[in-house]
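Below is one structure, written out as structure tokens; the observations come after it.
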Amino acid sequence: MELTGEIAAIRGGLGDPARLLGEFRRAVLLVPLADGPDGGLMSAVSGGIRWIYAFTDEEALARFAEERGESGREWEFLSVLGARLVDAVVPVAGGPAGVVVNVADGDGSMFFPPVAGIVPDGSAVDLTDGGVAA
């Protein structure tokens with residue numbers, strides 16, 4: 001099953017979290033680039049966590065652009081494996097970071113927070129220095 005199907009299964013109460021995470025890690029996601037002098041990947045901070053925006057396809061990215069009132073401009077993006085986002089990008093984000101997939105899709109969105117089992121242990125907010133859940 002693909003990532004969007006796993007998200008729907010989880011939201012419907014029938015999914016398997018391990019299968020969802022596996023599909024997320026294998027999925028090629030579209031990650032928009034941020035405007036401005038700093039560039040980088042587009043993200044937002046909420047609750048002290050930086051959420052990197054990622055989309056399963058160009059239609060999901062277009063819905064996000066529409067929600068922001070920015071559908072008339074060209075959106076540059078990178079194609080990145082979900083695993084690469086959590087294993088390589090999150091650790092260098094400069095603080096707690098996670099990934100939100102298809103954020104403009106309401107019931108079709110899913111958050112992958114910076115916790116053990118999703119991000120590397122050194123970036124997980126639920127682990128202490130000793131690697132034990134807080």
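Each chain in the structure tokens gets a letter, A, B, ..., in the order shown, and its residues are numbered from 1; ligands are numbered from 1 in order too.
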Discussion item. What's around A:Ala18 at 12 Å? Count only C-alpha atoms, leave out sequence neighbours fewer than 2 positions away in its own chain, and write the answer as number ranges by chain.
Written reply: A: 3, 6-7, 10, 15-16, 20-25, 117-118
Worksheet item: Which neighbours of A:Phe112 fall inside 12 Å, counting only C-alpha atoms, when residues of the same chain fewer than 5 positions from it are skipped, and could you give them as number ranges by chain?
Response: A: 7, 17, 20-22, 24-25, 49-54, 82-83, 85-86, 90, 96-103, 117-119, 124
Response to the item:
Students should find that atom CA of A:Trp75 and atom CA of A:Ala8 are spaced 26.4 Å
Item to complete: Give me, please, the distance in Å between atom CA of A:Ala88 and atom CA of A:Ser43, quoted to one decimal.
Response: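 Separating atom CA of A:Ala88 from atom CA of A:Ser43 is a distance of 15.7 Å.
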Worksheet entry | Nearest residue to A:Glu66 from the set A:Ala104, A:Ala27, A:Ala116, A:Leu14 (distances using only C-alpha atoms) |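 Residue with the minimum atom-to-atom distance to A:Glu66: A:Ala104.
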Practice prompt. Give me the residues within 12 Å of A:Ala34 as a ChimeraX atom specification, counting only C-alpha atoms and dropping any in the same chain fewer than 2 places off.
Written response: /A:31-32,36-44,52-53,75-78
Those same residues, written as an mmCIF file, in the first residue's frame with N, CA and C atoms?
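Saved to part.cif:
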data_model
loop_
_atom_site.group_PDB
_atom_site.id
_atom_site.type_symbol
_atom_site.label_atom_id
_atom_site.label_comp_id
_atom_site.auth_asym_id
_atom_site.auth_seq_id
_atom_site.Cartn_x
_atom_site.Cartn_y
_atom_site.Cartn_z
ATOM 1 N N VAL A 31 9.298 18.245 -1.405
ATOM 2 C CA VAL A 31 9.543 19.188 -0.320
ATOM 3 C C VAL A 31 9.819 20.552 -0.941
ATOM 4 N N PRO A 32 8.895 21.515 -0.737
ATOM 5 C CA PRO A 32 9.094 22.834 -1.349
ATOM 6 C C PRO A 32 10.282 23.564 -0.734
ATOM 7 N N GLY A 36 13.332 33.492 0.134
ATOM 8 C CA GLY A 36 14.094 34.360 1.016
ATOM 9 C C GLY A 36 15.568 34.068 1.002
ATOM 10 N N PRO A 37 16.316 34.889 1.737
ATOM 11 C CA PRO A 37 17.775 34.804 1.703
ATOM 12 C C PRO A 37 18.338 33.537 2.335
ATOM 13 N N ASP A 38 17.614 32.949 3.293
ATOM 14 C CA ASP A 38 18.127 31.758 3.962
ATOM 15 C C ASP A 38 17.879 30.488 3.167
ATOM 16 N N GLY A 39 16.862 30.518 2.304
ATOM 17 C CA GLY A 39 16.552 29.349 1.486
ATOM 18 C C GLY A 39 16.242 28.136 2.333
ATOM 19 N N GLY A 40 16.664 26.988 1.891
ATOM 20 C CA GLY A 40 16.409 25.758 2.626
ATOM 21 C C GLY A 40 15.055 25.169 2.290
ATOM 22 N N LEU A 41 14.623 24.249 3.111
ATOM 23 C CA LEU A 41 13.348 23.581 2.914
ATOM 24 C C LEU A 41 12.244 24.368 3.618
ATOM 25 N N MET A 42 11.078 24.415 3.009
ATOM 26 C CA MET A 42 9.967 25.151 3.594
ATOM 27 C C MET A 42 9.473 24.419 4.834
ATOM 28 N N SER A 43 9.290 25.191 5.898
ATOM 29 C CA SER A 43 8.842 24.620 7.159
ATOM 30 C C SER A 43 8.160 25.709 7.976
ATOM 31 N N ALA A 44 7.581 25.296 9.090
ATOM 32 C CA ALA A 44 6.966 26.223 10.032
ATOM 33 C C ALA A 44 7.260 25.712 11.434
ATOM 34 N N ILE A 52 8.763 20.259 8.836
ATOM 35 C CA ILE A 52 9.152 20.322 7.436
ATOM 36 C C ILE A 52 7.957 19.868 6.607
ATOM 37 N N TYR A 53 7.563 20.689 5.634
ATOM 38 C CA TYR A 53 6.441 20.358 4.769
ATOM 39 C C TYR A 53 6.882 19.353 3.702
ATOM 40 N N TRP A 75 6.323 26.907 -7.838
ATOM 41 C CA TRP A 75 6.876 26.342 -6.606
ATOM 42 C C TRP A 75 8.044 25.423 -6.957
ATOM 43 N N GLU A 76 9.220 25.754 -6.447
ATOM 44 C CA GLU A 76 10.368 24.864 -6.605
ATOM 45 C C GLU A 76 10.348 23.862 -5.467
ATOM 46 N N PHE A 77 10.722 22.622 -5.766
ATOM 47 C CA PHE A 77 10.736 21.598 -4.734
ATOM 48 C C PHE A 77 11.815 20.570 -5.031
ATOM 49 N N LEU A 78 12.155 19.826 -4.004
ATOM 50 C CA LEU A 78 13.068 18.699 -4.130
ATOM 51 C C LEU A 78 12.277 17.420 -3.971
#
Discussion item. Between A:Asp126, A:Asp105, A:Asp121, A:Glu2, which residue has the minimum interatomic distance to A:Glu67, considering only C-alpha atoms?
Written reply: A:Asp105
Discussion item. Counting only C-alpha atoms, which residue out of A:Met110, A:Leu127, A:Val45, A:Leu61 sits closest to A:Leu33?
Written reply: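 Checking each candidate against A:Leu33, we get A:Leu61 as the closest.
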Item to complete: Taking the chain letters and numbering used in this document, name the residues of stretch 45-116 of chain A that DSSP puts in helix (DSSP H, G or I), as a list in words.
Response: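 DSSP-assigned helix (DSSP H, G or I) residues in stretch 45-116 of chain A: Glu58, Glu59, Ala60, Leu61, Ala62, Arg63, Phe64, Ala65, Glu66, Glu67, Gly82, Ala83, Arg84, Leu85, Val86, Asp87, Ala88, Val89, Val90, Pro91, Val92, Val103, Ala104, Asp105, Gly106, Asp107 and Gly108 of chain A.
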